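S.K.: Take a look at the following structure, please.
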Amino acid sequence: MRKLENVAVVVLEEVHPFELGVACEVFGLDRSESGLPVYDFALVGDRPGPMRTHSGFTVDVPHGPERIAGADLVIATATGIRAHYPEEVCAALRAAHDRGAHLLSICSGSFLLGAAGLLDGRRCTTHWRYADLMAERFPLTTVEPGVLYVDDHPVITSAGTAAGIDACLHLVRKVQGAEVARAIARRMVVAPHRDGGQAQFINRPVPEGGGESLAGVLEWMRRHLDRETGVDQLARLAHMSPRTFARRFREETGTTPHRWLTGQRVLLAQHLLESTGESVDAIATRCGFGNAATLRHHFGRRLGTTPQAYRRAFGGPRRTAGPQYQDA
């Protein structure tokens, strides 16, 4: 898989500051004191100079589209939706794709990738408000409107605002390993991993305090991944009926208990494959999959690879310093 060292972020007029800030926060800061990678980071426009943001202030963009030629990752951040996109930028994006660079869009940045012809024949997503327009404008693209992000290698597209954080951390995890992604997430004070298949909008994005929150049950589930657990047992722990528990669980996490639990088990398997020499059978047991065949099935569905191939790619010495915390 291609390295991830040189990052170019495309900034066009009316760029949205939050989405631009996501790219800057994940890839633009020097965290070398924590043993984390330092990226060669650059803002790129259709021309160098000041660019007006959606909020009215300007951002200085030092580079024109020629800077994309050296990038391992090109991020198309949100700039609003326009009828036409600069052809010189589109051509640079196509050249980056052809030489194997990673391409990632945040929110409406997916329309720039579509205008460059890079979404034809691919699955993608965007902010749910723009999904119908995207499907209409790019009929050769399969738009998945309800998810946080879609990884159709080497192109990753994400939904609005905070989903861009999830997509960026997903790419870091994929290329540089879970330890690096967790450490960056810890510095950002965000969840290290949210499955791309989670819903874009959750009725209760921040669990309310008191007895209604499922935080305690989620923590119990994380600590007992090796156990067989069903909705009835989890509902009893939450002091709810199974029906109420299932509804509350989806409200707080955006997914079902089974899907959430499977995702946590795959995350634990990734960590063990990276950091231990345990056999795949032993890891499957520790993660609650029961046997290696079941682990391989879920690993393949979620990550598109096998446990053995993942270990070959990411196994070895732990690569980050300092204490870590468990995936949320």
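Convention: chains lettered A, B, ... in structure tokens order; per-chain residue numbering from 1; ligands numbered from 1 as shown.
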Contacts of A:Phe314 at 7 Å or less, counting only C-alpha atoms, minus same-chain residues fewer than 3 places along, as a list of chain:residue names?

M.R.: A:Gly177, A:Glu274, A:Tyr310, A:Arg311

S.K.: Report as a list in words: the residues of stretch 37-133 of chain A with a DSSP assignment of strand (DSSP E or B), based on the backbone of this structure.

M.R.: Asp40, Phe41, Ala42, Leu43, Val44, Gly49, Pro50, Met51, Arg52, Thr53, Thr58, Val59, Asp60, Val61, His63, Leu73, Val74, Ile75, Ala76, His102, Leu103, Leu104, Ser105, Arg123 and Cys124 of chain A

S.K.: For A:His170, work out the shell of residues within 12 Å, counting only C-alpha atoms and skipping chain neighbours fewer than 5 positions away, then give it as number ranges by chain.

M.R.: A: 26, 104, 148-151, 156-158, 163-165, 175-182, 184-185, 191-196, 267, 302-303

S.K.: Of the candidates A:Arg94, A:Arg286, A:Lys3, A:His258, which shows the shortest atom-to-atom distance to A:Thr229, using only C-alpha atoms?

M.R.: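 Ranking A:Arg94, A:Arg286, A:Lys3, A:His258 by distance to A:Thr229, first place goes to A:His258.
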
S.K.: So that I can check the surroundings of A:Gly300, please list as a list in words every protein, DNA and RNA residue that reaches within 12 Å of it, counting only C-alpha atoms and ignoring chain neighbours fewer than 5 positions away.

M.R.: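 After dropping sequence-adjacent residues, the list is Val266, Gln270, Ala292, Ala293, Thr294, Leu295, Thr305, Thr306, Pro307, Gln308, Ala309 and Tyr310 of chain A.
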
S.K.: Next, dump the selected residues to file, keeping only C-alpha atoms, as a CSV table (one decimal), in the first residue's frame.

M.R.:
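Written out: part28.csv:
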```
chain,number,residue,atom,x,y,z
A,266,VAL,CA,-12.6,-6.6,14.7
A,270,GLN,CA,-6.5,-5.7,14.5
A,292,ALA,CA,-10.4,-18.5,12.9
A,293,ALA,CA,-12.9,-19.0,10.1
A,294,THR,CA,-15.5,-16.7,11.7
A,295,LEU,CA,-12.8,-14.1,12.3
A,305,THR,CA,-8.3,-8.4,3.7
A,306,THR,CA,-7.3,-11.5,5.8
A,307,PRO,CA,-5.9,-11.5,9.3
A,308,GLN,CA,-2.7,-13.0,8.0
A,309,ALA,CA,-2.3,-10.3,5.3
A,310,TYR,CA,-3.1,-7.6,7.9
```

S.K.: Choose the residue, out of A:Glu219, A:Gly80, A:His102, A:Pro86, that has the smallest atom-to-atom separation from A:Tyr130; count only C-alpha atoms.

M.R.: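 Between A:Glu219, A:Gly80, A:His102, A:Pro86, the residue approaching A:Tyr130 most closely is A:Gly80.
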
S.K.: Excluding A:Pro257 and residues on its chain fewer than 2 positions from it, collect all residues at most 9 Å away from it, counting only C-alpha atoms, and give them as JSON, numbers by chain.

M.R.: {"A": [230, 231, 234, 246, 249, 250, 253, 255, 259, 260, 261, 262]}

S.K.: Write the selection just made, keeping N, CA and C atoms, as a JSON list (two decimals), in the first residue's frame?

M.R.:
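The resulting file, result-v5.json, is reproduced below:
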```
[["chain", "number", "residue", "atom", "x", "y", "z"],
["A", 230, "GLY", "N", -26.34, -11.29, 24.09],
["A", 230, "GLY", "CA", -27.50, -11.00, 23.26],
["A", 230, "GLY", "C", -28.22, -9.76, 23.76],
["A", 231, "VAL", "N", -29.19, -9.32, 22.99],
["A", 231, "VAL", "CA", -29.92, -8.10, 23.33],
["A", 231, "VAL", "C", -30.63, -8.26, 24.67],
["A", 234, "LEU", "N", -28.09, -7.68, 27.47],
["A", 234, "LEU", "CA", -27.67, -6.28, 27.50],
["A", 234, "LEU", "C", -28.80, -5.39, 28.00],
["A", 246, "ALA", "N", -32.90, -1.72, 22.29],
["A", 246, "ALA", "CA", -32.49, -1.70, 20.88],
["A", 246, "ALA", "C", -32.70, -0.32, 20.27],
["A", 249, "PHE", "N", -30.11, 2.07, 21.80],
["A", 249, "PHE", "CA", -28.77, 1.77, 21.29],
["A", 249, "PHE", "C", -28.56, 2.41, 19.93],
["A", 250, "ARG", "N", -29.55, 2.29, 19.06],
["A", 250, "ARG", "CA", -29.41, 2.90, 17.74],
["A", 250, "ARG", "C", -29.36, 4.42, 17.84],
["A", 253, "THR", "N", -25.68, 5.22, 19.18],
["A", 253, "THR", "CA", -24.51, 4.77, 18.41],
["A", 253, "THR", "C", -24.71, 4.83, 16.90],
["A", 255, "THR", "N", -26.14, 2.49, 15.16],
["A", 255, "THR", "CA", -26.09, 1.15, 14.59],
["A", 255, "THR", "C", -26.74, 0.18, 15.56],
["A", 259, "ARG", "N", -23.98, -5.20, 15.22],
["A", 259, "ARG", "CA", -23.00, -4.57, 14.32],
["A", 259, "ARG", "C", -21.93, -3.84, 15.13],
["A", 260, "TRP", "N", -22.34, -3.15, 16.18],
["A", 260, "TRP", "CA", -21.38, -2.43, 17.01],
["A", 260, "TRP", "C", -20.41, -3.41, 17.66],
["A", 261, "LEU", "N", -20.94, -4.49, 18.20],
["A", 261, "LEU", "CA", -20.11, -5.48, 18.87],
["A", 261, "LEU", "C", -19.14, -6.14, 17.89],
["A", 262, "THR", "N", -19.62, -6.46, 16.70],
["A", 262, "THR", "CA", -18.73, -7.04, 15.69],
["A", 262, "THR", "C", -17.61, -6.08, 15.33]]
```

S.K.: When DSSP is applied to the backbone of this structure, which of stretch 118-237 of chain A are assigned helix (DSSP H, G or I)? Write them out as a PyMOL selection string.

M.R.: chain A and resi 128-137+163-176+178-188+210-212+215-223+231-237

S.K.: Please determine, counting only C-alpha atoms, which residue among A:Thr142, A:Asn6, A:Ser213, A:Thr244 has the shortest atom-to-atom distance to A:Ala69.

M.R.: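 Among A:Thr142, A:Asn6, A:Ser213, A:Thr244, it is A:Asn6 that comes nearest to A:Ala69.
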
S.K.: Hey, can you check how far atom CA of A:Ala162 sits from atom CA of A:Ala115?

M.R.: 23.5 Å

S.K.: Quick one: residues within 9 Å of stretch 64-66 of chain A, only C-alpha atoms, excluding same-chain residues fewer than 4 positions away - as an mmCIF file with all heavy atoms, in the first residue's frame?

M.R.:
```cif
data_model
loop_
_atom_site.group_PDB
_atom_site.id
_atom_site.type_symbol
_atom_site.label_atom_id
_atom_site.label_comp_id
_atom_site.auth_asym_id
_atom_site.auth_seq_id
_atom_site.Cartn_x
_atom_site.Cartn_y
_atom_site.Cartn_z
ATOM 1 N N VAL A 10 -6.856 20.569 -1.223
ATOM 2 C CA VAL A 10 -7.343 21.486 -2.249
ATOM 3 C C VAL A 10 -8.278 22.508 -1.612
ATOM 4 O O VAL A 10 -9.268 22.150 -0.957
ATOM 5 C CB VAL A 10 -8.073 20.731 -3.369
ATOM 6 C CG1 VAL A 10 -8.612 21.711 -4.407
ATOM 7 C CG2 VAL A 10 -7.138 19.717 -4.026
ATOM 8 N N LEU A 43 -1.426 23.525 1.535
ATOM 9 C CA LEU A 43 -2.697 23.969 0.973
ATOM 10 C C LEU A 43 -2.482 24.332 -0.490
ATOM 11 O O LEU A 43 -1.524 25.022 -0.842
ATOM 12 C CB LEU A 43 -3.236 25.186 1.737
ATOM 13 C CG LEU A 43 -3.496 25.001 3.231
ATOM 14 C CD1 LEU A 43 -4.115 26.268 3.816
ATOM 15 C CD2 LEU A 43 -4.383 23.798 3.494
ATOM 16 N N VAL A 44 -3.392 23.856 -1.326
ATOM 17 C CA VAL A 44 -3.254 23.978 -2.778
ATOM 18 C C VAL A 44 -4.533 24.578 -3.348
ATOM 19 O O VAL A 44 -5.640 24.153 -2.992
ATOM 20 C CB VAL A 44 -3.017 22.588 -3.409
ATOM 21 C CG1 VAL A 44 -2.976 22.695 -4.921
ATOM 22 C CG2 VAL A 44 -1.755 21.959 -2.862
ATOM 23 N N GLY A 45 -4.405 25.540 -4.230
ATOM 24 C CA GLY A 45 -5.567 26.113 -4.900
ATOM 25 C C GLY A 45 -5.432 26.038 -6.401
ATOM 26 O O GLY A 45 -4.440 25.527 -6.928
ATOM 27 N N ASP A 46 -6.422 26.559 -7.104
ATOM 28 C CA ASP A 46 -6.283 26.650 -8.549
ATOM 29 C C ASP A 46 -5.264 27.727 -8.910
ATOM 30 O O ASP A 46 -4.804 27.810 -10.044
ATOM 31 C CB ASP A 46 -7.632 26.927 -9.214
ATOM 32 C CG ASP A 46 -8.325 28.165 -8.652
ATOM 33 O OD1 ASP A 46 -8.060 28.527 -7.485
ATOM 34 O OD2 ASP A 46 -9.140 28.764 -9.378
ATOM 35 N N ARG A 47 -4.910 28.523 -7.905
ATOM 36 C CA ARG A 47 -3.869 29.545 -8.006
ATOM 37 C C ARG A 47 -3.378 29.816 -6.590
ATOM 38 O O ARG A 47 -4.127 29.640 -5.630
ATOM 39 C CB ARG A 47 -4.440 30.835 -8.590
ATOM 40 C CG ARG A 47 -5.695 31.259 -7.827
ATOM 41 C CD ARG A 47 -6.138 32.667 -8.074
ATOM 42 N NE ARG A 47 -7.364 32.952 -7.338
ATOM 43 C CZ ARG A 47 -7.419 33.251 -6.046
ATOM 44 N NH1 ARG A 47 -6.303 33.282 -5.334
ATOM 45 N NH2 ARG A 47 -8.577 33.518 -5.459
ATOM 46 N N PRO A 48 -2.128 30.223 -6.400
ATOM 47 C CA PRO A 48 -1.697 30.628 -5.073
ATOM 48 C C PRO A 48 -2.290 31.981 -4.707
ATOM 49 O O PRO A 48 -2.624 32.783 -5.580
ATOM 50 C CB PRO A 48 -0.169 30.701 -5.198
ATOM 51 C CG PRO A 48 0.106 30.790 -6.652
ATOM 52 C CD PRO A 48 -1.062 30.224 -7.389
ATOM 53 N N GLY A 49 -2.429 32.220 -3.395
ATOM 54 C CA GLY A 49 -2.939 33.505 -2.938
ATOM 55 C C GLY A 49 -4.079 33.343 -1.958
ATOM 56 O O GLY A 49 -4.433 32.231 -1.555
ATOM 57 N N GLY A 70 3.359 15.991 -5.998
ATOM 58 C CA GLY A 70 4.210 15.303 -5.042
ATOM 59 C C GLY A 70 3.474 14.636 -3.903
ATOM 60 O O GLY A 70 4.099 14.086 -2.995
ATOM 61 N N GLU A 88 -7.553 22.635 -14.382
ATOM 62 C CA GLU A 88 -6.180 22.333 -14.001
ATOM 63 C C GLU A 88 -6.122 21.543 -12.691
ATOM 64 O O GLU A 88 -5.249 20.686 -12.513
ATOM 65 C CB GLU A 88 -5.346 23.615 -13.887
ATOM 66 C CG GLU A 88 -5.860 24.629 -12.886
ATOM 67 C CD GLU A 88 -6.846 25.627 -13.482
ATOM 68 O OE1 GLU A 88 -7.560 25.270 -14.443
ATOM 69 O OE2 GLU A 88 -6.885 26.776 -12.981
ATOM 70 N N VAL A 89 -7.063 21.815 -11.792
ATOM 71 C CA VAL A 89 -7.133 21.039 -10.550
ATOM 72 C C VAL A 89 -7.637 19.627 -10.851
ATOM 73 O O VAL A 89 -7.104 18.642 -10.336
ATOM 74 C CB VAL A 89 -8.033 21.741 -9.521
ATOM 75 C CG1 VAL A 89 -8.227 20.857 -8.278
ATOM 76 C CG2 VAL A 89 -7.440 23.086 -9.117
ATOM 77 N N ALA A 91 -7.348 17.964 -13.603
ATOM 78 C CA ALA A 91 -6.292 17.215 -14.287
ATOM 79 C C ALA A 91 -5.233 16.739 -13.297
ATOM 80 O O ALA A 91 -4.727 15.606 -13.392
ATOM 81 C CB ALA A 91 -5.652 18.093 -15.367
ATOM 82 N N ALA A 92 -4.878 17.585 -12.329
ATOM 83 C CA ALA A 92 -3.895 17.190 -11.319
ATOM 84 C C ALA A 92 -4.430 16.052 -10.451
ATOM 85 O O ALA A 92 -3.677 15.153 -10.062
ATOM 86 C CB ALA A 92 -3.531 18.396 -10.455
ATOM 87 N N LEU A 93 -5.727 16.078 -10.148
ATOM 88 C CA LEU A 93 -6.327 14.987 -9.378
ATOM 89 C C LEU A 93 -6.304 13.679 -10.171
ATOM 90 O O LEU A 93 -6.002 12.614 -9.612
ATOM 91 C CB LEU A 93 -7.763 15.340 -9.006
ATOM 92 C CG LEU A 93 -7.943 16.428 -7.943
ATOM 93 C CD1 LEU A 93 -9.408 16.829 -7.837
ATOM 94 C CD2 LEU A 93 -7.440 15.945 -6.590
#
```

S.K.: Provide the atom CA of A:Gly35 to atom CA of A:Ala167 distance in Å, to one decimal place.

M.R.: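 Computing the Euclidean distance for atom CA of A:Gly35 and atom CA of A:Ala167 yields 22.0 Å.
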
S.K.: In Å, rounded to a single decimal, give me how far atom CA of A:Thr285 is from atom CA of A:Ala215.

M.R.: 25.0 Å

S.K.: Excluding same-chain residues fewer than 2 positions from A:Phe138, what lies within 12 Å of it counting only C-alpha atoms, as a list of chain:residue names?

M.R.: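 Answer for this query is A:Ser110, A:Phe111, A:Leu112, A:Leu113, A:Gly114, A:Ala115, A:Ala116, A:Gly117, A:Leu118, A:Leu119, A:Asp120, A:Gly121, A:Arg122, A:Arg123, A:Cys124, A:Thr125, A:Tyr130, A:Ala131, A:Asp132, A:Leu133, A:Met134, A:Ala135, A:Glu136, A:Leu140, A:Thr141, A:Thr142, A:Val143.
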
S.K.: Of the residues A:Phe27, A:Phe289, A:Phe245, A:Tyr85, which is the one nearest to A:Leu171, using only C-alpha atoms?

M.R.: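 Under the stated criterion, the closest residue is A:Phe27.
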